[in-house]
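Participant: My questions all concern the structure below.
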Amino acid sequence: MTAAPSQALPQVLARIDAAEAEIRARYFDFLRIPSVSAQPDHAGDCRRAAAWLVEELTSLGFTAEIRETRGHPAVVAFHPGPGGEAKPLLYYGHYDVQPAEPFELWTSPPFEPTVKQGRNGPVTVARGAVDDKGQVMTWLAAMRAWHEVAGGPPAPIRVLVEGEEEIGSPSLDAFLEEHAAELRQARAVVVSDTNMWDAKTPAISARLRGMAYAQIDLFAASRDLHSGLYGGMALNPINLLCRILAELTDANGRIQLPGFYDGVPEVGGNLDAAWDSLGFDEARFLGDIGLSVPAGEKGVKPLVRQWARPTCDVNGIWGGYTGPGAKTVIAAEAHAKVSFRLVGDQDPNQVLDALEEFVKARLPADARAEIQRFSAAAPVVVPEDSAEVAAARRALAAEFGREAVLIGSGGSIPVVESFRRILGLDSVLMGFGLDDDQVHSPNEKFDWACLMHGARSHARLLAELAG
């Protein structure tokens with residue numbers, strides 16, 4: 001690289017704009033791979049997505065390879081940049097996506113990306129459109145533009161893309177520990193897996209809720225029973241499970257696990273005032289999804305509920321006969337998936353312990369429960385005064401023509417906490433999704449303007465950090 005990053009940046013941005021059709025073609029190829037980490041039938045597709053990334057990064061001058069984990073493979077890559085002794089930036093993303101079911105609710109095939117008209121212009125509809133393949137494409141497109149204009153990025157870069165984020169990253173901690181000597185040499189982690197404030201206002205996410213996720217399995221009789229012959233005599237585990245789940249929260253939305261609110265801080269002072277100043281429109285937010293009445297804890301402000309209070313949600317429940325028509329049966333077993341979003345100093349493993357005790361304390365004779373633990377990630381608050389966050393705010397302000405706001409996120413990105421705990425690295429959470437992207441739902445979409453602004457913002461960020 002001969003020109004200074006600030007001098008090359010205008011050409012890099014122009015290259016991104018000129019390459020719009022090429023970016024779309026590569027993006028669509030990535031989206032066509034059904035890399036659903038939760039479903040064993042798609043294990044080969046997950047490996048195919050990893051191989052696609054290796055080929056993409058190699059074409060940009062990176063040394064890239066697939067590395068095995070206990071589950072789906074990860075992709076690790078390195079580019080030395082212009083040389084020198086500077087520490088690399090570590091870019092993180094994930095190639096795995098949520099299951100697309102129920103397929104019948106999609107207006108187009110979930111793994112055949114389709115361009116449609118959204119409220120802000122063209123959008124791409126596909127599973128993974130924004131979470132996280134589209135957001136990964138923002139920084140891949142920026143790196144390609146730097147490669148084509150200047151021969152490579154203006155700073156050294158490491159890349160880590162995993163394939164298990166959508167199932168709680170169960171293999172990631174062990175992977176980070178195994179490769180800690182290599183990965184902890186970075187100066188900070190750059191993550192694009194979060195949202196903007198709105199379509200015109202960029203944001204840096206400064207906090208993430210943690211996650212505790214489990215499956216409750218209840219068992220009673222040795223077989224399914226005729227509800228006429230055994231009704232009123234035999235324990236019905238579906239009825240029992242529904243009662244237990246209903247007792248998890250009270251009429252005011254407070255979660256009833258013993259000790260659950262230990263470590264949950266109150267929000268007040270400057271932070272409360274800053275969130276009030278954002279002008280959040282709860283009625284519009286709910287109206288966009290066909291609702292009108294707020295849920296959650298009564299008497300708590302909307303953004304505090306969303307960003308700084310814990311939650312409990314039943315994510316799935318099944319048992320007995322669920323096919324068409326009638327079948328009068330008392331099932332032998334019942335099942336539910338339950339998740340808790342966590343804040344402050346809540347310990348996800350303590351929450352799961354409390355859930356197990358809560359369920360088993362409510363079991364009558366002849367009932368048995370098993371608790372499967374799927375995810376336990378602690379909450380994270382990201383330092384707002386780091387040099388990397390300051391650089392991101394400058395890059396976003398230059399791209400959007402307005403200051404980036406500091407927001408919270410109701411979602412969880414377990415690896416952010418793992419990066420800090422295992423590698424000692426803080427993260428910059430610079431994302432480009434929108435509230436109406438229908439993440440994890442049918443017809444997931446990503447605004448084309450958000451993808452292109454994201455690519456240009458990452459190009460600017462690299463120039464800022466190289467400078």
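By convention here, the chains of the structure tokens are called A, B, ... in the order presented, each chain's residues are numbered starting at 1, and ligands are numbered starting at 1 in the order presented.
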List as JSON, numbers by chain the protein and nucleic acid residues near Val405 of chain A, meaning an atom at most 8 Å away when only C-alpha atoms are counted, but skip any in the same chain fewer than 2 places from it.

Facilitator: {"A": [197, 201, 202, 203, 204, 403, 407]}

Participant: Please, which residues of segment 132-218 of chain A, numbered as in this document, come out alpha helix (DSSP H) from DSSP, as a list in words?

Facilitator: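 Taking segment 132-218 of chain A and keeping alpha helix (DSSP H) gives Lys133, Gly134, Gln135, Val136, Met137, Thr138, Trp139, Leu140, Ala141, Ala142, Met143, Arg144, Ala145, Trp146, His147, Glu148, Val149, Ala150, Leu172, Asp173, Ala174, Phe175, Leu176, Glu177, Glu178, Ala180, Ala181, Glu182 and Leu183 of chain A.
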
Participant: Save out the residues we just selected, N, CA and C atoms, as a PDB file, in the first residue's frame.

Facilitator:
ATOM      1  N   LYS A 133     -25.313 -13.585   7.836  1.00  0.00           N
ATOM      2  CA  LYS A 133     -24.591 -13.600   6.568  1.00  0.00           C
ATOM      3  C   LYS A 133     -24.539 -12.220   5.928  1.00  0.00           C
ATOM      4  N   GLY A 134     -25.643 -11.477   6.009  1.00  0.00           N
ATOM      5  CA  GLY A 134     -25.631 -10.142   5.449  1.00  0.00           C
ATOM      6  C   GLY A 134     -24.657  -9.229   6.162  1.00  0.00           C
ATOM      7  N   GLN A 135     -24.610  -9.348   7.488  1.00  0.00           N
ATOM      8  CA  GLN A 135     -23.700  -8.479   8.242  1.00  0.00           C
ATOM      9  C   GLN A 135     -22.235  -8.903   8.033  1.00  0.00           C
ATOM     10  N   VAL A 136     -21.986 -10.190   7.870  1.00  0.00           N
ATOM     11  CA  VAL A 136     -20.633 -10.628   7.513  1.00  0.00           C
ATOM     12  C   VAL A 136     -20.242 -10.055   6.152  1.00  0.00           C
ATOM     13  N   MET A 137     -21.217 -10.008   5.233  1.00  0.00           N
ATOM     14  CA  MET A 137     -20.918  -9.473   3.906  1.00  0.00           C
ATOM     15  C   MET A 137     -20.543  -7.998   3.954  1.00  0.00           C
ATOM     16  N   THR A 138     -21.016  -7.248   4.960  1.00  0.00           N
ATOM     17  CA  THR A 138     -20.644  -5.835   5.025  1.00  0.00           C
ATOM     18  C   THR A 138     -19.133  -5.680   5.152  1.00  0.00           C
ATOM     19  N   TRP A 139     -18.520  -6.463   6.045  1.00  0.00           N
ATOM     20  CA  TRP A 139     -17.072  -6.292   6.198  1.00  0.00           C
ATOM     21  C   TRP A 139     -16.272  -7.054   5.143  1.00  0.00           C
ATOM     22  N   LEU A 140     -16.840  -8.130   4.603  1.00  0.00           N
ATOM     23  CA  LEU A 140     -16.161  -8.784   3.478  1.00  0.00           C
ATOM     24  C   LEU A 140     -16.103  -7.858   2.269  1.00  0.00           C
ATOM     25  N   ALA A 141     -17.198  -7.143   2.004  1.00  0.00           N
ATOM     26  CA  ALA A 141     -17.214  -6.212   0.870  1.00  0.00           C
ATOM     27  C   ALA A 141     -16.227  -5.079   1.081  1.00  0.00           C
ATOM     28  N   ALA A 142     -16.113  -4.597   2.327  1.00  0.00           N
ATOM     29  CA  ALA A 142     -15.139  -3.540   2.612  1.00  0.00           C
ATOM     30  C   ALA A 142     -13.720  -4.038   2.393  1.00  0.00           C
ATOM     31  N   MET A 143     -13.440  -5.246   2.859  1.00  0.00           N
ATOM     32  CA  MET A 143     -12.096  -5.793   2.694  1.00  0.00           C
ATOM     33  C   MET A 143     -11.778  -6.044   1.226  1.00  0.00           C
ATOM     34  N   ARG A 144     -12.782  -6.463   0.433  1.00  0.00           N
ATOM     35  CA  ARG A 144     -12.535  -6.673  -0.998  1.00  0.00           C
ATOM     36  C   ARG A 144     -12.209  -5.344  -1.683  1.00  0.00           C
ATOM     37  N   ALA A 145     -12.914  -4.290  -1.310  1.00  0.00           N
ATOM     38  CA  ALA A 145     -12.634  -2.993  -1.920  1.00  0.00           C
ATOM     39  C   ALA A 145     -11.224  -2.521  -1.577  1.00  0.00           C
ATOM     40  N   TRP A 146     -10.811  -2.678  -0.325  1.00  0.00           N
ATOM     41  CA  TRP A 146      -9.439  -2.313   0.054  1.00  0.00           C
ATOM     42  C   TRP A 146      -8.432  -3.176  -0.726  1.00  0.00           C
ATOM     43  N   HIS A 147      -8.739  -4.443  -0.903  1.00  0.00           N
ATOM     44  CA  HIS A 147      -7.846  -5.341  -1.638  1.00  0.00           C
ATOM     45  C   HIS A 147      -7.684  -4.874  -3.085  1.00  0.00           C
ATOM     46  N   GLU A 148      -8.799  -4.518  -3.718  1.00  0.00           N
ATOM     47  CA  GLU A 148      -8.755  -4.158  -5.136  1.00  0.00           C
ATOM     48  C   GLU A 148      -8.151  -2.775  -5.369  1.00  0.00           C
ATOM     49  N   VAL A 149      -8.337  -1.878  -4.436  1.00  0.00           N
ATOM     50  CA  VAL A 149      -7.828  -0.515  -4.606  1.00  0.00           C
ATOM     51  C   VAL A 149      -6.394  -0.377  -4.106  1.00  0.00           C
ATOM     52  N   ALA A 150      -6.106  -0.966  -2.945  1.00  0.00           N
ATOM     53  CA  ALA A 150      -4.820  -0.713  -2.282  1.00  0.00           C
ATOM     54  C   ALA A 150      -3.968  -1.956  -2.093  1.00  0.00           C
ATOM     55  N   LEU A 172     -17.394 -23.077  21.282  1.00  0.00           N
ATOM     56  CA  LEU A 172     -16.534 -21.928  21.076  1.00  0.00           C
ATOM     57  C   LEU A 172     -15.543 -21.692  22.207  1.00  0.00           C
ATOM     58  N   ASP A 173     -15.972 -21.826  23.469  1.00  0.00           N
ATOM     59  CA  ASP A 173     -15.043 -21.573  24.569  1.00  0.00           C
ATOM     60  C   ASP A 173     -13.816 -22.476  24.477  1.00  0.00           C
ATOM     61  N   ALA A 174     -14.055 -23.759  24.220  1.00  0.00           N
ATOM     62  CA  ALA A 174     -12.935 -24.692  24.097  1.00  0.00           C
ATOM     63  C   ALA A 174     -12.041 -24.314  22.917  1.00  0.00           C
ATOM     64  N   PHE A 175     -12.651 -23.850  21.825  1.00  0.00           N
ATOM     65  CA  PHE A 175     -11.875 -23.439  20.651  1.00  0.00           C
ATOM     66  C   PHE A 175     -11.020 -22.212  20.980  1.00  0.00           C
ATOM     67  N   LEU A 176     -11.608 -21.230  21.666  1.00  0.00           N
ATOM     68  CA  LEU A 176     -10.851 -20.029  22.032  1.00  0.00           C
ATOM     69  C   LEU A 176      -9.705 -20.369  22.971  1.00  0.00           C
ATOM     70  N   GLU A 177      -9.945 -21.259  23.902  1.00  0.00           N
ATOM     71  CA  GLU A 177      -8.883 -21.657  24.822  1.00  0.00           C
ATOM     72  C   GLU A 177      -7.761 -22.378  24.088  1.00  0.00           C
ATOM     73  N   GLU A 178      -8.126 -23.223  23.136  1.00  0.00           N
ATOM     74  CA  GLU A 178      -7.126 -23.966  22.375  1.00  0.00           C
ATOM     75  C   GLU A 178      -6.253 -23.034  21.526  1.00  0.00           C
ATOM     76  N   ALA A 180      -5.910 -19.642  22.028  1.00  0.00           N
ATOM     77  CA  ALA A 180      -5.791 -18.354  22.719  1.00  0.00           C
ATOM     78  C   ALA A 180      -4.500 -17.629  22.379  1.00  0.00           C
ATOM     79  N   ALA A 181      -3.394 -18.339  22.314  1.00  0.00           N
ATOM     80  CA  ALA A 181      -2.108 -17.686  22.059  1.00  0.00           C
ATOM     81  C   ALA A 181      -2.127 -16.927  20.741  1.00  0.00           C
ATOM     82  N   GLU A 182      -2.823 -17.458  19.771  1.00  0.00           N
ATOM     83  CA  GLU A 182      -2.902 -16.825  18.449  1.00  0.00           C
ATOM     84  C   GLU A 182      -3.914 -15.680  18.442  1.00  0.00           C
ATOM     85  N   LEU A 183      -5.091 -15.903  19.024  1.00  0.00           N
ATOM     86  CA  LEU A 183      -6.193 -14.952  18.888  1.00  0.00           C
ATOM     87  C   LEU A 183      -6.085 -13.768  19.834  1.00  0.00           C
TER      88      LEU A 183
END

Participant: Could you tell me how far atom CA of Met211 of chain A sits from atom CA of Ala369 of chain A, in Å to one decimal place?

Facilitator: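 According to the coordinates, atom CA of Ala369 of chain A and atom CA of Met211 of chain A are separated by 21.8 Å.
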
Participant: Mind checking which residues fall within 12 Å of segment 17-20 of chain A, counting only C-alpha atoms, ignoring those fewer than 3 positions away in the same chain, and posting them as a VMD selection string?

Facilitator: chain A and resid 10 to 14 23 to 27 137 to 138 141 to 142 144 to 145 148 448 to 449 451 to 456 459

Participant: Quick one: residues within 10 Å of Ala3 of chain A, only C-alpha atoms counted, chain neighbours fewer than 4 positions away excluded, as a list in words?

Facilitator: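 The residues that qualify are Gln7, Ala8, Leu9, Ala150 and Pro154 of chain A.
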
Participant: Please identify all polymer residues within 12 Å of Ala332 of chain A, counting only C-alpha atoms, omitting same-chain residues fewer than 3 positions from it, and present them as a VMD selection string.

Facilitator: chain A and resid 217 to 227 230 234 to 240 318 to 321 329 335 366 to 368

Participant: For Gln185 of chain A, which residue out of A:Lys327, A:Phe260, A:Leu423, A:Ala251 is the nearest one, using only C-alpha atoms?

Facilitator: A:Leu423

Participant: Quick one: residues within 7 Å of segment 274-282 of chain A, only C-alpha atoms counted, chain neighbours fewer than 4 positions away excluded, as JSON, numbers by chain?

Facilitator: {"A": [270, 286, 302]}

Participant: Write out the residues from the selection above, keeping N, CA and C atoms, as a PDB file, in the first residue's frame.

Facilitator:
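In the end it all went to again19.pdb:
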ATOM      1  N   ASN A 270     -27.879   9.347  34.525  1.00  0.00           N
ATOM      2  CA  ASN A 270     -27.560   9.766  33.166  1.00  0.00           C
ATOM      3  C   ASN A 270     -27.991   8.736  32.134  1.00  0.00           C
ATOM      4  N   LEU A 286     -44.602  -1.956  18.623  1.00  0.00           N
ATOM      5  CA  LEU A 286     -45.551  -3.055  18.777  1.00  0.00           C
ATOM      6  C   LEU A 286     -46.472  -3.155  17.572  1.00  0.00           C
ATOM      7  N   PRO A 302     -40.109   1.141  28.563  1.00  0.00           N
ATOM      8  CA  PRO A 302     -39.913   0.195  27.456  1.00  0.00           C
ATOM      9  C   PRO A 302     -38.459  -0.170  27.179  1.00  0.00           C
TER      10      PRO A 302
END

Participant: Find the residues around segment 99-105 of chain A up to 10 Å (only C-alpha atoms counted), leave out those fewer than 4 positions away in its own chain, and share them as a list in words.

Facilitator: Pro34, Ser35, Val36, Ser37, Ala38, Gln39, His42, Pro109, Pro110, Phe111, Ala126, Arg127, Gly128, Glu166, His440, Ser441, Pro442, Asn443 and Glu444 of chain A

Participant: Which residue is closest to Gly316 of chain A? Choose from A:Glu112, A:Glu370, A:Ile16, A:Leu245 and count only C-alpha atoms.

Facilitator: A:Leu245

Participant: With distances taken over only C-alpha atoms, which residue among A:Val115, A:Val389, A:Ala155, A:Val130 lies nearest Thr194 of chain A?

Facilitator: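 Of all the options, A:Val130 lies closest to Thr194 of chain A.
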
Participant: Return the single residue from A:Asp426, A:Asp193, A:Glu357, A:Asp41 that is closest to Ala129 of chain A, with distances computed using only C-alpha atoms.

Facilitator: A:Asp193

Participant: If you run DSSP over the backbone, which residues in segment 222-257 of chain A end up strand (DSSP E or B)? Put them as number ranges by chain.

Facilitator: A: 225-226, 249, 255
